[in-house]
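See below for coords.pdb, which holds PDB, C-alpha atoms and all ligand atoms.
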MODEL        1
ATOM      1  CA  MET D1092     -13.871  14.229 -16.986  1.00  0.00           C
ATOM      2  CA  ALA D1093     -11.451  12.827 -14.367  1.00  0.00           C
ATOM      3  CA  ALA D1094      -7.905  12.175 -15.582  1.00  0.00           C
ATOM      4  CA  GLU D1095      -6.950   8.552 -16.231  1.00  0.00           C
ATOM      5  CA  PRO D1096      -5.107   7.022 -13.252  1.00  0.00           C
ATOM      6  CA  GLY D1097      -1.372   6.598 -13.699  1.00  0.00           C
ATOM      7  CA  PRO D1098       1.527   6.636 -14.414  1.00  0.00           C
ATOM      8  CA  ASN D1099       2.693   3.034 -14.882  1.00  0.00           C
ATOM      9  CA  PHE D1100       6.161   1.887 -13.826  1.00  0.00           C
ATOM     10  CA  THR D1101       8.450  -1.041 -14.523  1.00  0.00           C
ATOM     11  CA  THR D1102      11.137  -2.441 -12.251  1.00  0.00           C
ATOM     12  CA  PRO D1103      13.473  -5.372 -12.961  1.00  0.00           C
ATOM     13  CA  ARG D1104      10.751  -7.911 -12.076  1.00  0.00           C
ATOM     14  CA  LEU D1105       7.485  -5.964 -11.846  1.00  0.00           C
ATOM     15  CA  ARG D1106       5.028  -3.822 -13.726  1.00  0.00           C
ATOM     16  CA  LEU D1107       3.064  -1.313 -11.603  1.00  0.00           C
ATOM     17  CA  ARG D1108      -0.254  -0.162 -13.092  1.00  0.00           C
ATOM     18  CA  PRO D1109      -3.640   1.103 -11.929  1.00  0.00           C
ATOM     19  CA  PRO D1110      -6.076  -1.731 -11.209  1.00  0.00           C
ATOM     20  CA  VAL D1111      -9.037  -2.295 -13.536  1.00  0.00           C
ATOM     21  CA  THR D1112     -12.370  -4.059 -13.120  1.00  0.00           C
ATOM     22  CA  THR D1113     -11.058  -7.231 -14.752  1.00  0.00           C
ATOM     23  CA  ASP D1114      -8.597  -7.608 -11.827  1.00  0.00           C
ATOM     24  CA  SER D1115     -11.551  -8.405  -9.561  1.00  0.00           C
ATOM     25  CA  ASP D1116     -10.959 -12.190  -9.396  1.00  0.00           C
ATOM     26  CA  PHE D1117      -7.439 -11.599  -8.109  1.00  0.00           C
ATOM     27  CA  VAL D1118      -8.506  -8.829  -5.707  1.00  0.00           C
ATOM     28  CA  GLN D1119     -11.373 -10.978  -4.388  1.00  0.00           C
ATOM     29  CA  ASP D1120      -9.032 -13.944  -3.853  1.00  0.00           C
ATOM     30  CA  MET D1121      -6.345 -11.881  -2.142  1.00  0.00           C
ATOM     31  CA  TYR D1122      -8.503  -9.869   0.274  1.00  0.00           C
ATOM     32  CA  SER D1123     -10.613 -12.914   1.191  1.00  0.00           C
ATOM     33  CA  ARG D1124      -7.552 -14.391   2.924  1.00  0.00           C
ATOM     34  CA  ALA D1125      -7.173 -14.047   6.681  1.00  0.00           C
ATOM     35  CA  ALA D1126      -3.385 -14.026   6.295  1.00  0.00           C
ATOM     36  CA  VAL D1127      -3.610 -10.886   4.145  1.00  0.00           C
ATOM     37  CA  MET D1128      -6.251  -9.092   6.240  1.00  0.00           C
ATOM     38  CA  ARG D1129      -4.750  -9.946   9.633  1.00  0.00           C
ATOM     39  CA  PHE D1130      -3.024  -6.555   9.967  1.00  0.00           C
ATOM     40  CA  ILE D1131      -5.123  -4.452   7.564  1.00  0.00           C
ATOM     41  CA  GLY D1132      -7.993  -2.245   8.768  1.00  0.00           C
ATOM     42  CA  THR D1133     -10.385  -4.094  11.051  1.00  0.00           C
ATOM     43  CA  GLY D1134      -8.777  -7.441  10.194  1.00  0.00           C
ATOM     44  CA  GLN D1135     -12.046  -8.714   8.684  1.00  0.00           C
ATOM     45  CA  ILE D1136     -11.718 -10.650   5.463  1.00  0.00           C
ATOM     46  CA  GLN D1137     -13.479  -9.153   2.428  1.00  0.00           C
ATOM     47  CA  PRO D1138     -14.644 -12.203   0.490  1.00  0.00           C
ATOM     48  CA  THR D1139     -17.238 -10.858  -1.937  1.00  0.00           C
ATOM     49  CA  ARG D1140     -16.962  -9.756  -5.542  1.00  0.00           C
ATOM     50  CA  ASP D1141     -18.700  -6.463  -4.674  1.00  0.00           C
ATOM     51  CA  GLN D1142     -16.061  -5.744  -2.039  1.00  0.00           C
ATOM     52  CA  ALA D1143     -13.350  -6.435  -4.620  1.00  0.00           C
ATOM     53  CA  LEU D1144     -14.994  -4.129  -7.165  1.00  0.00           C
ATOM     54  CA  ASP D1145     -15.401  -1.418  -4.497  1.00  0.00           C
ATOM     55  CA  ARG D1146     -11.724  -1.727  -3.617  1.00  0.00           C
ATOM     56  CA  ILE D1147     -10.687  -1.376  -7.262  1.00  0.00           C
ATOM     57  CA  GLN D1148     -12.775   1.783  -7.651  1.00  0.00           C
ATOM     58  CA  ARG D1149     -11.473   3.172  -4.342  1.00  0.00           C
ATOM     59  CA  TYR D1150      -7.905   2.445  -5.412  1.00  0.00           C
ATOM     60  CA  ARG D1151      -8.449   4.105  -8.797  1.00  0.00           C
ATOM     61  CA  ARG D1152      -9.724   7.220  -7.003  1.00  0.00           C
ATOM     62  CA  LEU D1153      -6.479   7.408  -5.001  1.00  0.00           C
ATOM     63  CA  PHE D1154      -4.538   8.441  -8.111  1.00  0.00           C
ATOM     64  CA  GLY D1155      -3.369  12.043  -8.048  1.00  0.00           C
ATOM     65  CA  PRO D1156      -0.094  13.970  -7.994  1.00  0.00           C
ATOM     66  CA  GLY D1157       2.266  11.546  -6.246  1.00  0.00           C
ATOM     67  CA  THR D1158      -0.501   9.254  -5.000  1.00  0.00           C
ATOM     68  CA  GLY D1159      -2.182   6.063  -6.177  1.00  0.00           C
ATOM     69  CA  ALA D1160      -2.620   2.342  -5.591  1.00  0.00           C
ATOM     70  CA  TRP D1161      -0.740   0.320  -8.154  1.00  0.00           C
ATOM     71  CA  LEU D1162      -1.384  -3.314  -8.942  1.00  0.00           C
ATOM     72  CA  LEU D1163       1.900  -5.241  -9.123  1.00  0.00           C
ATOM     73  CA  GLU D1164       2.244  -7.870 -11.808  1.00  0.00           C
ATOM     74  CA  GLY D1165       5.110 -10.071 -12.945  1.00  0.00           C
ATOM     75  CA  ILE D1166       6.896  -8.394 -15.822  1.00  0.00           C
ATOM     76  CA  THR D1167       7.318 -11.588 -17.817  1.00  0.00           C
ATOM     77  CA  ASP D1168       4.012 -13.396 -17.219  1.00  0.00           C
ATOM     78  CA  GLY D1169       1.671 -10.550 -16.178  1.00  0.00           C
ATOM     79  CA  ALA D1170       0.589 -12.531 -13.100  1.00  0.00           C
ATOM     80  CA  PRO D1171      -0.983 -10.265 -10.448  1.00  0.00           C
ATOM     81  CA  LEU D1172       0.989 -10.203  -7.193  1.00  0.00           C
ATOM     82  CA  GLY D1173      -0.473  -7.479  -4.963  1.00  0.00           C
ATOM     83  CA  PHE D1174      -0.552  -3.712  -4.478  1.00  0.00           C
ATOM     84  CA  ALA D1175       1.753  -0.849  -3.518  1.00  0.00           C
ATOM     85  CA  LEU D1176       0.223   2.449  -2.431  1.00  0.00           C
ATOM     86  CA  LEU D1177       0.989   6.124  -1.906  1.00  0.00           C
ATOM     87  CA  LYS D1178      -1.908   7.896  -0.191  1.00  0.00           C
ATOM     88  CA  HIS D1179      -2.812  10.736   2.103  1.00  0.00           C
ATOM     89  CA  ILE D1180      -3.026   9.112   5.516  1.00  0.00           C
ATOM     90  CA  PRO D1181      -5.971  10.050   7.752  1.00  0.00           C
ATOM     91  CA  PHE D1182      -5.027  11.722  11.038  1.00  0.00           C
ATOM     92  CA  SER D1183      -6.611  10.424  14.220  1.00  0.00           C
ATOM     93  CA  ALA D1184      -9.570  12.516  15.392  1.00  0.00           C
ATOM     94  CA  ASP D1185      -7.668  14.366  18.131  1.00  0.00           C
ATOM     95  CA  ILE D1186      -4.992  15.502  15.655  1.00  0.00           C
ATOM     96  CA  SER D1187      -7.419  16.680  12.973  1.00  0.00           C
ATOM     97  CA  GLU D1188      -9.665  18.381  15.559  1.00  0.00           C
ATOM     98  CA  ALA D1189      -6.662  20.249  17.024  1.00  0.00           C
ATOM     99  CA  ASP D1190      -5.615  21.486  13.560  1.00  0.00           C
ATOM    100  CA  PRO D1191      -8.307  20.932  10.890  1.00  0.00           C
ATOM    101  CA  SER D1192      -6.155  22.576   8.204  1.00  0.00           C
ATOM    102  CA  ALA D1193      -3.057  20.401   8.796  1.00  0.00           C
ATOM    103  CA  ALA D1194      -1.671  19.118   5.489  1.00  0.00           C
ATOM    104  CA  PRO D1195      -1.976  15.340   5.415  1.00  0.00           C
ATOM    105  CA  ASP D1196       1.144  13.184   5.488  1.00  0.00           C
ATOM    106  CA  VAL D1197       1.768  10.759   2.616  1.00  0.00           C
ATOM    107  CA  GLU D1198       1.770   7.066   3.456  1.00  0.00           C
ATOM    108  CA  ILE D1199       3.531   4.331   1.536  1.00  0.00           C
ATOM    109  CA  GLY D1200       2.110   0.819   1.879  1.00  0.00           C
ATOM    110  CA  TRP D1201       2.201  -2.699   0.442  1.00  0.00           C
ATOM    111  CA  HIS D1202      -0.144  -5.692   0.287  1.00  0.00           C
ATOM    112  CA  LEU D1203       0.992  -8.901  -1.410  1.00  0.00           C
ATOM    113  CA  HIS D1204      -0.812 -12.129  -2.189  1.00  0.00           C
ATOM    114  CA  PRO D1205       0.658 -14.851   0.073  1.00  0.00           C
ATOM    115  CA  ASP D1206       1.909 -16.719  -3.024  1.00  0.00           C
ATOM    116  CA  ALA D1207       4.160 -13.701  -3.682  1.00  0.00           C
ATOM    117  CA  TRP D1208       5.631 -13.338  -0.182  1.00  0.00           C
ATOM    118  CA  GLY D1209       9.340 -13.836   0.509  1.00  0.00           C
ATOM    119  CA  ARG D1210      10.676 -12.696  -2.867  1.00  0.00           C
ATOM    120  CA  GLY D1211      11.371  -9.012  -2.259  1.00  0.00           C
ATOM    121  CA  TYR D1212       8.510  -7.741  -4.422  1.00  0.00           C
ATOM    122  CA  ALA D1213       7.130  -5.316  -1.800  1.00  0.00           C
ATOM    123  CA  ALA D1214      10.524  -3.690  -1.335  1.00  0.00           C
ATOM    124  CA  GLU D1215      11.126  -3.558  -5.105  1.00  0.00           C
ATOM    125  CA  ALA D1216       7.779  -1.856  -5.773  1.00  0.00           C
ATOM    126  CA  ALA D1217       8.128   0.504  -2.813  1.00  0.00           C
ATOM    127  CA  THR D1218      11.581   1.601  -3.967  1.00  0.00           C
ATOM    128  CA  GLU D1219      10.046   2.627  -7.303  1.00  0.00           C
ATOM    129  CA  LEU D1220       7.244   4.521  -5.547  1.00  0.00           C
ATOM    130  CA  ILE D1221       9.743   6.349  -3.337  1.00  0.00           C
ATOM    131  CA  ALA D1222      11.437   7.661  -6.496  1.00  0.00           C
ATOM    132  CA  HIS D1223       8.018   8.684  -7.841  1.00  0.00           C
ATOM    133  CA  ALA D1224       7.121  10.439  -4.573  1.00  0.00           C
ATOM    134  CA  ARG D1225      10.410  12.323  -4.654  1.00  0.00           C
ATOM    135  CA  HIS D1226       9.887  13.269  -8.302  1.00  0.00           C
ATOM    136  CA  CYS D1227       6.412  14.596  -7.429  1.00  0.00           C
ATOM    137  CA  GLY D1228       7.830  16.851  -4.722  1.00  0.00           C
ATOM    138  CA  HIS D1229       6.792  15.058  -1.555  1.00  0.00           C
ATOM    139  CA  GLN D1230       9.196  15.926   1.276  1.00  0.00           C
ATOM    140  CA  ASP D1231       8.606  12.912   3.529  1.00  0.00           C
ATOM    141  CA  LEU D1232       6.821   9.582   3.599  1.00  0.00           C
ATOM    142  CA  VAL D1233       5.421   7.618   6.516  1.00  0.00           C
ATOM    143  CA  ALA D1234       4.579   3.942   6.829  1.00  0.00           C
ATOM    144  CA  VAL D1235       2.494   2.548   9.669  1.00  0.00           C
ATOM    145  CA  THR D1236       2.122  -1.071  10.641  1.00  0.00           C
ATOM    146  CA  HIS D1237       0.339  -3.049  13.305  1.00  0.00           C
ATOM    147  CA  PRO D1238       2.869  -3.398  16.138  1.00  0.00           C
ATOM    148  CA  ASP D1239       2.980  -7.175  15.531  1.00  0.00           C
ATOM    149  CA  ASN D1240       3.372  -6.970  11.729  1.00  0.00           C
ATOM    150  CA  HIS D1241       7.060  -7.821  11.648  1.00  0.00           C
ATOM    151  CA  PRO D1242       7.188  -8.718   7.909  1.00  0.00           C
ATOM    152  CA  SER D1243       5.864  -5.254   7.034  1.00  0.00           C
ATOM    153  CA  GLN D1244       8.281  -3.585   9.443  1.00  0.00           C
ATOM    154  CA  ALA D1245      11.091  -5.507   7.730  1.00  0.00           C
ATOM    155  CA  VAL D1246       9.987  -4.086   4.366  1.00  0.00           C
ATOM    156  CA  ALA D1247      10.038  -0.540   5.810  1.00  0.00           C
ATOM    157  CA  ARG D1248      13.576  -1.039   7.121  1.00  0.00           C
ATOM    158  CA  ARG D1249      14.719  -2.716   3.893  1.00  0.00           C
ATOM    159  CA  ILE D1250      13.712   0.360   1.865  1.00  0.00           C
ATOM    160  CA  GLY D1251      15.580   2.717   4.199  1.00  0.00           C
ATOM    161  CA  MET D1252      12.801   3.959   6.465  1.00  0.00           C
ATOM    162  CA  THR D1253      13.560   4.858  10.079  1.00  0.00           C
ATOM    163  CA  SER D1254      11.604   3.433  12.987  1.00  0.00           C
ATOM    164  CA  ALA D1255       9.974   6.157  15.074  1.00  0.00           C
ATOM    165  CA  GLY D1256       8.269   3.917  17.637  1.00  0.00           C
ATOM    166  CA  LEU D1257       4.598   3.663  18.468  1.00  0.00           C
ATOM    167  CA  THR D1258       2.183   6.429  17.490  1.00  0.00           C
ATOM    168  CA  GLN D1259      -1.535   7.176  17.820  1.00  0.00           C
ATOM    169  CA  ARG D1260      -1.321   9.956  15.225  1.00  0.00           C
ATOM    170  CA  TYR D1261      -3.147   8.070  12.433  1.00  0.00           C
ATOM    171  CA  TYR D1262      -6.224   5.898  11.896  1.00  0.00           C
ATOM    172  CA  ASP D1263      -7.400   6.346  15.531  1.00  0.00           C
ATOM    173  CA  THR D1264      -5.243   3.430  16.596  1.00  0.00           C
ATOM    174  CA  VAL D1265      -1.786   2.537  17.854  1.00  0.00           C
ATOM    175  CA  CYS D1266       0.694   1.850  15.042  1.00  0.00           C
ATOM    176  CA  GLU D1267       4.406   1.321  14.645  1.00  0.00           C
ATOM    177  CA  LEU D1268       5.605   4.374  12.703  1.00  0.00           C
ATOM    178  CA  PHE D1269       8.361   4.537  10.080  1.00  0.00           C
ATOM    179  CA  THR D1270       9.509   7.722   8.369  1.00  0.00           C
ATOM    180  CA  LEU D1271      11.595   8.620   5.336  1.00  0.00           C
ATOM    181  CA  THR D1272      12.910  12.041   4.356  1.00  0.00           C
ATOM    182  CA  LEU D1273      12.978  12.306   0.551  1.00  0.00           C
TER
HETATM  183  C1  LIG D1301       3.999  -7.125   4.430  1.00  0.00           C
HETATM  184  C2  LIG D1301       4.290  -8.022   3.252  1.00  0.00           C
HETATM  185  C3  LIG D1301       4.091  -7.254   1.956  1.00  0.00           C
HETATM  186  C4  LIG D1301       5.755  -8.444   3.339  1.00  0.00           C
HETATM  187  O1  LIG D1301       6.013  -9.326   2.272  1.00  0.00           O
HETATM  188  P1  LIG D1301       7.443  -9.947   2.082  1.00  0.00           P
HETATM  189  O2  LIG D1301       7.377 -10.873   0.953  1.00  0.00           O
HETATM  190  O3  LIG D1301       7.953 -10.411   3.397  1.00  0.00           O
HETATM  191  O4  LIG D1301       8.284  -8.648   1.730  1.00  0.00           O
HETATM  192  P2  LIG D1301       9.254  -8.424   0.525  1.00  0.00           P
HETATM  193  O5  LIG D1301       8.474  -8.465  -0.745  1.00  0.00           O
HETATM  194  O6  LIG D1301      10.079  -7.199   0.797  1.00  0.00           O
HETATM  195  O7  LIG D1301      10.162  -9.724   0.590  1.00  0.00           O
HETATM  196  C5  LIG D1301      11.091  -9.873   1.598  1.00  0.00           C
HETATM  197  C6  LIG D1301      11.729 -11.210   1.478  1.00  0.00           C
HETATM  198  O8  LIG D1301      12.138 -11.460   0.118  1.00  0.00           O
HETATM  199  C7  LIG D1301      13.519 -11.784   0.083  1.00  0.00           C
HETATM  200  N1  LIG D1301      14.082 -11.091  -1.085  1.00  0.00           N
HETATM  201  C8  LIG D1301      14.478  -9.811  -1.135  1.00  0.00           C
HETATM  202  N2  LIG D1301      14.916  -9.512  -2.379  1.00  0.00           N
HETATM  203  C9  LIG D1301      14.799 -10.648  -3.111  1.00  0.00           C
HETATM  204  C10 LIG D1301      15.085 -10.973  -4.458  1.00  0.00           C
HETATM  205  N3  LIG D1301      15.582 -10.051  -5.315  1.00  0.00           N
HETATM  206  N4  LIG D1301      14.821 -12.227  -4.882  1.00  0.00           N
HETATM  207  C11 LIG D1301      14.318 -13.135  -4.029  1.00  0.00           C
HETATM  208  N5  LIG D1301      14.024 -12.889  -2.728  1.00  0.00           N
HETATM  209  C12 LIG D1301      14.264 -11.648  -2.282  1.00  0.00           C
HETATM  210  C13 LIG D1301      14.120 -11.237   1.350  1.00  0.00           C
HETATM  211  O9  LIG D1301      15.197 -12.038   1.756  1.00  0.00           O
HETATM  212  C14 LIG D1301      12.965 -11.302   2.316  1.00  0.00           C
HETATM  213  O10 LIG D1301      12.900 -12.528   2.947  1.00  0.00           O
HETATM  214  P3  LIG D1301      12.970 -12.589   4.527  1.00  0.00           P
HETATM  215  O11 LIG D1301      11.867 -11.688   5.033  1.00  0.00           O
HETATM  216  O12 LIG D1301      12.769 -14.021   4.811  1.00  0.00           O
HETATM  217  O13 LIG D1301      14.314 -12.036   4.862  1.00  0.00           O
HETATM  218  C15 LIG D1301       3.401  -9.280   3.268  1.00  0.00           C
HETATM  219  O14 LIG D1301       3.623  -9.968   4.464  1.00  0.00           O
HETATM  220  C16 LIG D1301       1.917  -8.965   3.136  1.00  0.00           C
HETATM  221  O15 LIG D1301       1.433  -8.641   2.061  1.00  0.00           O
HETATM  222  N6  LIG D1301       1.158  -9.088   4.245  1.00  0.00           N
HETATM  223  C17 LIG D1301      -0.283  -8.886   4.213  1.00  0.00           C
HETATM  224  C18 LIG D1301      -0.650  -7.434   4.007  1.00  0.00           C
HETATM  225  C19 LIG D1301       0.011  -6.539   5.026  1.00  0.00           C
HETATM  226  O16 LIG D1301       0.034  -6.814   6.209  1.00  0.00           O
HETATM  227  N7  LIG D1301       0.538  -5.420   4.519  1.00  0.00           N
HETATM  228  C20 LIG D1301       1.203  -4.437   5.346  1.00  0.00           C
HETATM  229  C21 LIG D1301       0.232  -3.573   6.037  1.00  0.00           C
HETATM  230  S1  LIG D1301       1.112  -2.390   7.065  1.00  0.00           S
ENDMDL
END

Have the structure of the file written as structure tokens, please.
Ligand SMILES: CC(C)(COP(=O)(O)OP(=O)(O)OC[C@H]1O[C@@H](n2cnc3c(N)ncnc32)[C@H](O)[C@@H]1OP(=O)(O)O)[C@@H](O)C(=O)NCCC(=O)NCCS
Amino acid sequence: MAAEPGPNFTTPRLRLRPPVTTDSDFVQDMYSRAAVMRFIGTGQIQPTRDQALDRIQRYRRLFGPGTGAWLLEGITDGAPLGFALLKHIPFSADISEADPSAAPDVEIGWHLHPDAWGRGYAAEAATELIAHARHCGHQDLVAVTHPDNHPSQAVARRIGMTSAGLTQRYYDTVCELFTLTL
């Protein structure tokens, strides 16, 4: 039997926990918004309940040593706010074809519901996940953003990541790359 996803974390304002099926209303609402999806994946909104349930299952499967996708909720009211992630980032095809055995880099990421923007929650959650990544023995983290995603780039800088310019190393696309040595 697969291990239960975890661990959970608390920060001054947030609880970080694995998502569960009953989070689907929130997940459906959040990822059906163009403002959220604008710089994620293909940019297409994902408005259906099935897409939300798929995402929850996919996020639960991300949990492993130093990886996962944690739902962020307010510590006092339990209100869902978004997600923070640590995951193995897929190399672009030319990189993985050149070295199929290359160990994947670990990506840190953040998605917030628009109602939760502008309050420092992404940076607060990411700071906790950086400590977790360090504790789990990761040596480095990367973050990648769409070149125009300035709010996300601001989060990366706020948590101490260094801008490394544009890269085509991941996701078969051009991204702004940030790195952090742990
Ligand atoms: C990227 C994203 C998470 C950034 O959200 P954000 O709210 O700007 O980021 P933070 O949670 O770090 O909040 C930063 C703001 O909170 C403010 N803040 C920081 N700490 C605070 C605190 N303790 N109390 C109140 N406000 C605080 C900061 O002043 C900052 O405001 P500013 O940007 O106007 O200077 C958000 O735009 C988003 O979810 N976008 C859609 C998904 C997405 O694109 N994800 C990234 C993919 S690469």

Could you produce a table of the residues of chain D lying within 8 Å of ligand LIG 1301 (chain D), with the nearest pair of atoms per residue and their separation in Å rounded to one decimal, using all atoms listed in the file, ordered by chain and increasing residue number, as a Markdown table?
| residue | atom | partner | partner_atom | distance |
| --- | --- | --- | --- | --- |
| D:Ala1126 | CA | D:LIG1301 | C17 | 6.4 |
| D:Val1127 | CA | D:LIG1301 | C17 | 3.9 |
| D:Met1128 | CA | D:LIG1301 | C18 | 6.3 |
| D:Arg1129 | CA | D:LIG1301 | O16 | 6.7 |
| D:Phe1130 | CA | D:LIG1301 | O16 | 4.9 |
| D:Ile1131 | CA | D:LIG1301 | C21 | 5.6 |
| D:Gly1173 | CA | D:LIG1301 | O15 | 7.4 |
| D:Gly1200 | CA | D:LIG1301 | S1 | 6.2 |
| D:Trp1201 | CA | D:LIG1301 | C3 | 5.2 |
| D:His1202 | CA | D:LIG1301 | O15 | 3.8 |
| D:Leu1203 | CA | D:LIG1301 | O15 | 3.5 |
| D:His1204 | CA | D:LIG1301 | O15 | 5.9 |
| D:Pro1205 | CA | D:LIG1301 | O15 | 6.6 |
| D:Ala1207 | CA | D:LIG1301 | O2 | 6.3 |
| D:Trp1208 | CA | D:LIG1301 | O2 | 3.2 |
| D:Gly1209 | CA | D:LIG1301 | O2 | 3.6 |
| D:Arg1210 | CA | D:LIG1301 | N5 | 3.4 |
| D:Gly1211 | CA | D:LIG1301 | O7 | 3.2 |
| D:Tyr1212 | CA | D:LIG1301 | O5 | 3.7 |
| D:Ala1213 | CA | D:LIG1301 | O5 | 3.6 |
| D:Ala1214 | CA | D:LIG1301 | O6 | 4.1 |
| D:Glu1215 | CA | D:LIG1301 | O6 | 7.0 |
| D:Ala1234 | CA | D:LIG1301 | S1 | 7.2 |
| D:Val1235 | CA | D:LIG1301 | S1 | 5.8 |
| D:Thr1236 | CA | D:LIG1301 | S1 | 3.9 |
| D:His1237 | CA | D:LIG1301 | S1 | 6.3 |
| D:Asn1240 | CA | D:LIG1301 | O16 | 6.5 |
| D:His1241 | CA | D:LIG1301 | C1 | 7.9 |
| D:Pro1242 | CA | D:LIG1301 | C4 | 4.8 |
| D:Ser1243 | CA | D:LIG1301 | C1 | 3.7 |
| D:Gln1244 | CA | D:LIG1301 | C1 | 7.5 |
| D:Ala1245 | CA | D:LIG1301 | O11 | 6.8 |
| D:Val1246 | CA | D:LIG1301 | O6 | 4.7 |
| D:Arg1249 | CA | D:LIG1301 | O6 | 7.2 |

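Here CA of Asp1116 (chain D) is placed at a distance of 20.3 Å from CA of Gly1134 (chain D).
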
### Message
Can you translate the PyMOL selection byres (((chain D and resi 1195) around 12) and not hetatm) into the concrete residues it hits in this file, as an MDAnalysis selection string?
### Response
chainID D and resid 1178:1183 1186:1187 1190:1194 1196:1198 1229:1233 1260:1261

Write a file of the selected residues as a PDB file, keeping the file's coordinate frame, keeping C-alpha atoms.
ATOM      1  CA  LYS D1178      -1.908   7.896  -0.191  1.00  0.00           C
ATOM      2  CA  HIS D1179      -2.812  10.736   2.103  1.00  0.00           C
ATOM      3  CA  ILE D1180      -3.026   9.112   5.516  1.00  0.00           C
ATOM      4  CA  PRO D1181      -5.971  10.050   7.752  1.00  0.00           C
ATOM      5  CA  PHE D1182      -5.027  11.722  11.038  1.00  0.00           C
ATOM      6  CA  SER D1183      -6.611  10.424  14.220  1.00  0.00           C
ATOM      7  CA  ILE D1186      -4.992  15.502  15.655  1.00  0.00           C
ATOM      8  CA  SER D1187      -7.419  16.680  12.973  1.00  0.00           C
ATOM      9  CA  ASP D1190      -5.615  21.486  13.560  1.00  0.00           C
ATOM     10  CA  PRO D1191      -8.307  20.932  10.890  1.00  0.00           C
ATOM     11  CA  SER D1192      -6.155  22.576   8.204  1.00  0.00           C
ATOM     12  CA  ALA D1193      -3.057  20.401   8.796  1.00  0.00           C
ATOM     13  CA  ALA D1194      -1.671  19.118   5.489  1.00  0.00           C
ATOM     14  CA  ASP D1196       1.144  13.184   5.488  1.00  0.00           C
ATOM     15  CA  VAL D1197       1.768  10.759   2.616  1.00  0.00           C
ATOM     16  CA  GLU D1198       1.770   7.066   3.456  1.00  0.00           C
ATOM     17  CA  HIS D1229       6.792  15.058  -1.555  1.00  0.00           C
ATOM     18  CA  GLN D1230       9.196  15.926   1.276  1.00  0.00           C
ATOM     19  CA  ASP D1231       8.606  12.912   3.529  1.00  0.00           C
ATOM     20  CA  LEU D1232       6.821   9.582   3.599  1.00  0.00           C
ATOM     21  CA  VAL D1233       5.421   7.618   6.516  1.00  0.00           C
ATOM     22  CA  ARG D1260      -1.321   9.956  15.225  1.00  0.00           C
ATOM     23  CA  TYR D1261      -3.147   8.070  12.433  1.00  0.00           C
TER      24      TYR D1261
END

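If you measure from each of D:Gln1259, D:Gln1148, D:Thr1264, D:Thr1139 to Val1111 (chain D) using only C-alpha atoms, the closest one turns out to be D:Gln1148.
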
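Using only C-alpha atoms, the protein and nucleic acid residues lying no more than 8 Å from Gln1137 (chain D), apart from those fewer than 6 places from it along its own chain, are Gln1119, Tyr1122, Ser1123, Arg1124 and Ala1143 of chain D.
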
### Message
Between CA of Arg1225 (chain D) and CA of Pro1109 (chain D), what is the distance in Å, rounded to a tenth?
### Response
19.4 Å

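Restricting the calculation to all atoms listed in the file, the smallest distance between Gly1097 (chain D) and any of D:Gly1251, D:Gly1132, D:Gly1256, D:Pro1110 is found for D:Pro1110.
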
Assuming 8 Å of padding per side, give the centre and edge lengths of the axis-aligned box around every listed atom of region 1260-1268 of chain D, in Å to one decimal and as lines of an AutoDock Vina configuration file.
center_x = -0.9
center_y = 5.6
center_z = 14.9
size_x = 29.0
size_y = 24.6
size_z = 22.0

Rebuild region 1113-1120 of chain D to N, CA, C and O atoms - output it as a JSON list (two decimals), in the frame of the given file, please.
[["chain", "number", "residue", "atom", "x", "y", "z"],
["D", 1113, "THR", "N", -11.35, -5.82, -14.44],
["D", 1113, "THR", "CA", -11.06, -7.23, -14.75],
["D", 1113, "THR", "C", -10.02, -7.84, -13.80],
["D", 1113, "THR", "O", -9.74, -9.03, -13.89],
["D", 1114, "ASP", "N", -9.47, -7.05, -12.87],
["D", 1114, "ASP", "CA", -8.60, -7.61, -11.83],
["D", 1114, "ASP", "C", -9.41, -8.15, -10.66],
["D", 1114, "ASP", "O", -8.83, -8.58, -9.65],
["D", 1115, "SER", "N", -10.74, -8.13, -10.75],
["D", 1115, "SER", "CA", -11.55, -8.40, -9.56],
["D", 1115, "SER", "C", -11.38, -9.84, -9.04],
["D", 1115, "SER", "O", -11.45, -10.05, -7.83],
["D", 1116, "ASP", "N", -11.15, -10.82, -9.91],
["D", 1116, "ASP", "CA", -10.96, -12.19, -9.40],
["D", 1116, "ASP", "C", -9.74, -12.24, -8.48],
["D", 1116, "ASP", "O", -9.78, -12.83, -7.39],
["D", 1117, "PHE", "N", -8.65, -11.62, -8.93],
["D", 1117, "PHE", "CA", -7.44, -11.60, -8.11],
["D", 1117, "PHE", "C", -7.67, -10.84, -6.80],
["D", 1117, "PHE", "O", -7.30, -11.31, -5.72],
["D", 1118, "VAL", "N", -8.29, -9.66, -6.90],
["D", 1118, "VAL", "CA", -8.51, -8.83, -5.71],
["D", 1118, "VAL", "C", -9.41, -9.57, -4.72],
["D", 1118, "VAL", "O", -9.16, -9.59, -3.50],
["D", 1119, "GLN", "N", -10.45, -10.22, -5.25],
["D", 1119, "GLN", "CA", -11.37, -10.98, -4.39],
["D", 1119, "GLN", "C", -10.62, -12.11, -3.69],
["D", 1119, "GLN", "O", -10.76, -12.33, -2.48],
["D", 1120, "ASP", "N", -9.80, -12.83, -4.44],
["D", 1120, "ASP", "CA", -9.03, -13.94, -3.85],
["D", 1120, "ASP", "C", -8.08, -13.43, -2.77],
["D", 1120, "ASP", "O", -8.03, -13.96, -1.65]]
